[in-house]
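Following: one structure in structure tokens, then a few remarks.
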There are 2 protein chains.
Amino acid sequence: MRTRLKDVADNLKLSPALVSGVLNRRPNVWASEETRKRIIEAARTLNYQPSAAAQALSRGKSDTVALVYRRLEGPSYRLAYSGLVDTLSSGLQASGLGLAVANFADQEAVLDHLQKLAGTRACDAVILWGREQDTEAQGELLEKLGIPFLVKGRHERDHPNWNQIDFDHEGMMAQAVDHLADLGHSRLAYLGFPHDEAFVRALRRGYVQGHRRRLGSDPDPRFFAEHEDLVAPNAETINGWLSLPEDERPTGFVVGAGNSAWQALETCIAQVHRKLGFETGDDAAAGVTSLFFTLMFGNALVYQGIEIDSLARLALPELLTAIERGEPAESVHRFLPALSPAPSLDLLQHGVSFSGDAP
Amino acid sequence: MRTRLKDVADNLKLSPALVSGVLNRRPNVWASEETRKRIIEAARTLNYQPSAAAQALSRGKSDTVALVYRRLEGPSYRLAYSGLVDTLSSGLQASGLGLAVANFADQEAVLDHLQKLAGTRACDAVILWGREQDTEAQGELLEKLGIPFLVKGRHERDHPNWNQIDFDHEGMMAQAVDHLADLGHSRLAYLGFPHDEAFVRALRRGYVQGHRRRLGSDPDPRFFAEHEDLVAPNAETINGWLSLPEDERPTGFVVGAGNSAWQALETCIAQVHRKLGFETGDDAAAGVTSLFFTLMFGNALVYQGIEIDSLARLALPELLTAIERGEPAESVHRFLPALSPAPSLDLLQHGVSFSGDAP
DNA sequence: CTGAAAGCGCTTACAG
DNA sequence: CTGAAAGCGCTTACAG
């Protein structure tokens with residue numbers, strides 16, 4: 001049988017109220033040092049653990065934060081979330097809070113669940129993760145329901161007062177431009193995603209603004225391409241660029257896309273007997289990659305494994321404060337990761353060479 | 001203000017007990033169809049949601065399952081877990097159960113937390129994930145505490161009665177041997193991990209037994225190598241194999257290791273102007289890879305993205321039954337995925353060739 | 001078919 | 001410094 005508060009109190013011939021007060025360090029509870037010691041000792045000896053349900057019921061809070069999101073298909077989404085739960089759970093645990101996770105296939109189910117969470121009081125706060133097109137309505141619902149929340153994404157325009165967190169995509173692209181300019185490249189090209197999502201727009205914007213600021217001009221529109229995450233369409237565009245006269249073609253590449261763009265870039269460049277690198281005469285590239293990525297031929301600086309958990313770690317304190325105070329947190333967090341060298345197989349050092357075929 | 005059971009009852013001039021009984025479809029509650037309809041309708045209208053805490057307290061169960069694990073460092077571990085939480089959460093949700101997640105840096109903290117979970121009754125069952133060396137003691141603790149649990153891993157020897165789930169690593173390796181033999185290869189080599197973990201041993205065992213069964217002999221001990229997940233040591237071994245006389249060297253490769261082994265294999269084979277493939281004259285390989293993996297030069301059948309969530313999906317029903325019955329589930333589940341073609345860049349089709357240097 | 005009552009295990013004023 | 005009492009919002013026999 002589990003030991004209850006009453007058991008501890010009976011054991012010490014004290015009232016449950018006093019034992020409860022001491023164990024919870026309640027400020028206006030007066031007990032001699034001696035009594036406190038006995039209480040704490042007895043609780044330990046009897047292995048007393050307060051019932052979570054009873055505490056939740058009487059305190060009116062669950063000491064639980066819910067992570068709620070719409071499930072997205074495909075391994076890249078999975079990847080993008082990996083590590084998130086780890087970080088959230090351990091961060092919350094450190095503050096004595098539990099993490100409940102719930103995900104659903106469609107937005108309607110998510111909204112239903114949020115409504116239910118509010119009704120059953122199963123959590124004190126919510127963390128929303130996912131694409132802005134989903135999280136926006138989710139946040140609005142929580143706002144209406146008066147539940148503190150933290151949302152991943154870029155809602156600064158329509159909801160500047162939301163507690164929100166995301167990468168500083170603009171800054172990331174600007175850093176990439178700076179790096180290439182530092183290496184001496186002035187004709188830059190951009191490989192991005194074609195999607196109409198907030199982070200894609202931010203990458204785009206960051207590239208354009210970085211280009212203006214650092215190189216004093218708008219990017220050459222010929223050298224701006226956005227393709228799905230497939231090798232072939234990227235390769236076609238890149239081959240077009242590379243077939244231009246030597247003094248016209250781009251030599252620096254900013255990547256705001258996935259691994260397929262990188263693979264196309266490396267392959268195409270190798271086929272014209274060049275490579276990505278940091279030396280004079282090398283072409284150069286910088287930008288984002290997926291979590292697992294290895295260059296085959298050359299070297300480049302990348303945002304690799306840009307850790308989604310950095311985000312969580314950054315915004316969690318604010319959320320915790322909001323939970324304690326019971327009022328919404330208001331803050332926009334943007335995280336700017338650093339460029340670092342991508343791992344490379346350095347195949348060119350190991351006997352690989354190319355004839356001139358195009359993919 | 002939230003609406004409580006009492007509000008619904010007052011509204012209908014009924015007793016809370018009746019309303020509760022009808023809403024929970026309790027069998028020995030008698031109410032006219034008309035009354036039932038009115039109750040359900042009123043609950044809907046008033047947006048009544050029973051308090052999770054109150055239900056947990058009075059029912060003595062939390063309708064929550066806890067996923068507890070020791071946090072392992074490194075992206076490959078992350079990857080191996082990605083998708084797990086998605087699957088568990090949605091699977092449990094479908095049965096009206098919530099998922100609580102807690103992870104800790106070290107084993108001691110995990111055990112503490114399990115003890116606490118038992119004491120606070122914060123969950124009805126636990127799912128343990130991680131390496132056998134950790135989960136074994138965790139499972140033993142839960143067994144002692146009398147909490148139903150499901151554990152990922154291979155505990156069939158010491159705890160055959162545990163509800164446990166893992167891949168059929170033996171079967172996977174045997175399938176790989178069969179595939180290579182089907183292609184006509186008889187001199188096989190094995191690239192594995194050097195670790196003393198249950199799944200590594202199972203891969204090893206599966207290869208050896210598969211080799212015996214299909215090829216009628218023990219594997220050639222010269223062609224058996226286990227290296228850390230790094231390219232260089234794998235490449236050294238493979239180069240040794242490839243330098244043997246044509247009619248002695250292995251032509252089929254079973255991989256029970258990570259992407260580095262594959263990268264070494266591909267590079268070394270390409271440098272002797274061969275490639276992995278399914279045609280006569282090709283070398284061939286089959287085995288496990290990490291979630292994100294692309295061949296550069298050739299083709300092979302792999303267990304790619306062997307989905308950890310298949311495991312969860314497979315064992316969850318059993319766990320749910322155990323929770324309902326309140327007694328431990330007893331069952332060993334092994335999941336055998338199918339080999340499928342790895343994605344390939346097919347660089348050999350696109351102008352890549354090799355000189356003879358060694359990595 | 002229906003309702004009053006006790007109980008789940010805590011917390012929180014409040015009176016001493 | 002201490003203890004009796006009410007309350008959190010349900011569920012569950014139990015008596016009608």
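Chains: A, B, ... in order of the structure tokens. Residues: from 1 per chain. Ligands: from 1, in order shown.
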* To do: Compute the chain D side of the contact with chain B at 7 Å, counting only C-alpha atoms (C1' of nucleotides), and hand it back as a list in words.
  =>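 Every residue meeting the condition is included here: DG9, DC10 and DT11 of chain D.
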* Running DSSP on the backbone, which parts of region 34-99 of chain A land in strand (DSSP E), as JSON, numbers by chain? -> {"A": [64, 65, 66, 67, 68, 69, 70, 98, 99]}
* If you count only C-alpha atoms (C1' of nucleotides), which residues fall within 12 Å of Leu339 (chain B), apart from same-chain ones fewer than 5 positions away, as a ChimeraX atom specification? -> /B:171-180,285-289,300-306
Pull C-alpha atoms from the residues just selected and write them as an mmCIF file, in the first residue's frame.
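Saved to part_34.cif:
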```cif
data_model
loop_
_atom_site.group_PDB
_atom_site.id
_atom_site.type_symbol
_atom_site.label_atom_id
_atom_site.label_comp_id
_atom_site.auth_asym_id
_atom_site.auth_seq_id
_atom_site.Cartn_x
_atom_site.Cartn_y
_atom_site.Cartn_z
ATOM 1 C CA GLY B 171 16.600 -12.341 -39.439
ATOM 2 C CA MET B 172 17.740 -9.106 -41.025
ATOM 3 C CA MET B 173 21.286 -10.338 -41.468
ATOM 4 C CA ALA B 174 20.118 -13.706 -42.694
ATOM 5 C CA GLN B 175 17.970 -11.973 -45.314
ATOM 6 C CA ALA B 176 21.005 -9.976 -46.409
ATOM 7 C CA VAL B 177 23.028 -13.167 -46.854
ATOM 8 C CA ASP B 178 20.195 -14.712 -48.828
ATOM 9 C CA HIS B 179 19.979 -11.713 -51.104
ATOM 10 C CA LEU B 180 23.709 -11.813 -51.893
ATOM 11 C CA ALA B 285 26.191 -5.335 -50.573
ATOM 12 C CA ALA B 286 23.198 -5.443 -48.284
ATOM 13 C CA GLY B 287 22.512 -4.436 -44.722
ATOM 14 C CA VAL B 288 21.598 -1.689 -42.354
ATOM 15 C CA THR B 289 22.176 2.045 -42.822
ATOM 16 C CA ALA B 300 22.373 -2.013 -52.994
ATOM 17 C CA LEU B 301 19.502 -3.313 -50.918
ATOM 18 C CA VAL B 302 19.335 -1.903 -47.426
ATOM 19 C CA TYR B 303 17.256 -1.646 -44.315
ATOM 20 C CA GLN B 304 16.901 2.067 -44.559
ATOM 21 C CA GLY B 305 15.161 4.125 -42.028
ATOM 22 C CA ILE B 306 14.205 0.933 -40.306
#
```
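Of the residues listed (B:Ala100, B:Leu23, B:Leu295, B:Leu67), B:Ala100 shows the shortest atom-to-atom separation from chain A; distances use only C-alpha atoms.
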* Separation of CA of Val68 (chain A) from CA of Asp309 (chain B), in Å and rounded to one decimal -> 18.6 Å
* To do: Name the residues of region 30-241 of chain A that fall into helix (DSSP H, G or I) according to DSSP on the backbone, using the chain letters and numbers of this document, as a VMD selection string.
  => chain A and resid 33 to 45 52 to 59 75 to 81 84 to 94 107 to 120 132 to 145 169 to 182 198 to 215 221 to 223 231 to 241
* Asked: Of the candidates A:Thr135, A:Ser15, A:Asn161, A:Asn299, which shows the shortest atom-to-atom distance to DA4 (chain D), using only C-alpha atoms (C1' of nucleotides)?
  ->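 Using only C-alpha atoms (C1' of nucleotides), DA4 (chain D) sits closest to A:Ser15.
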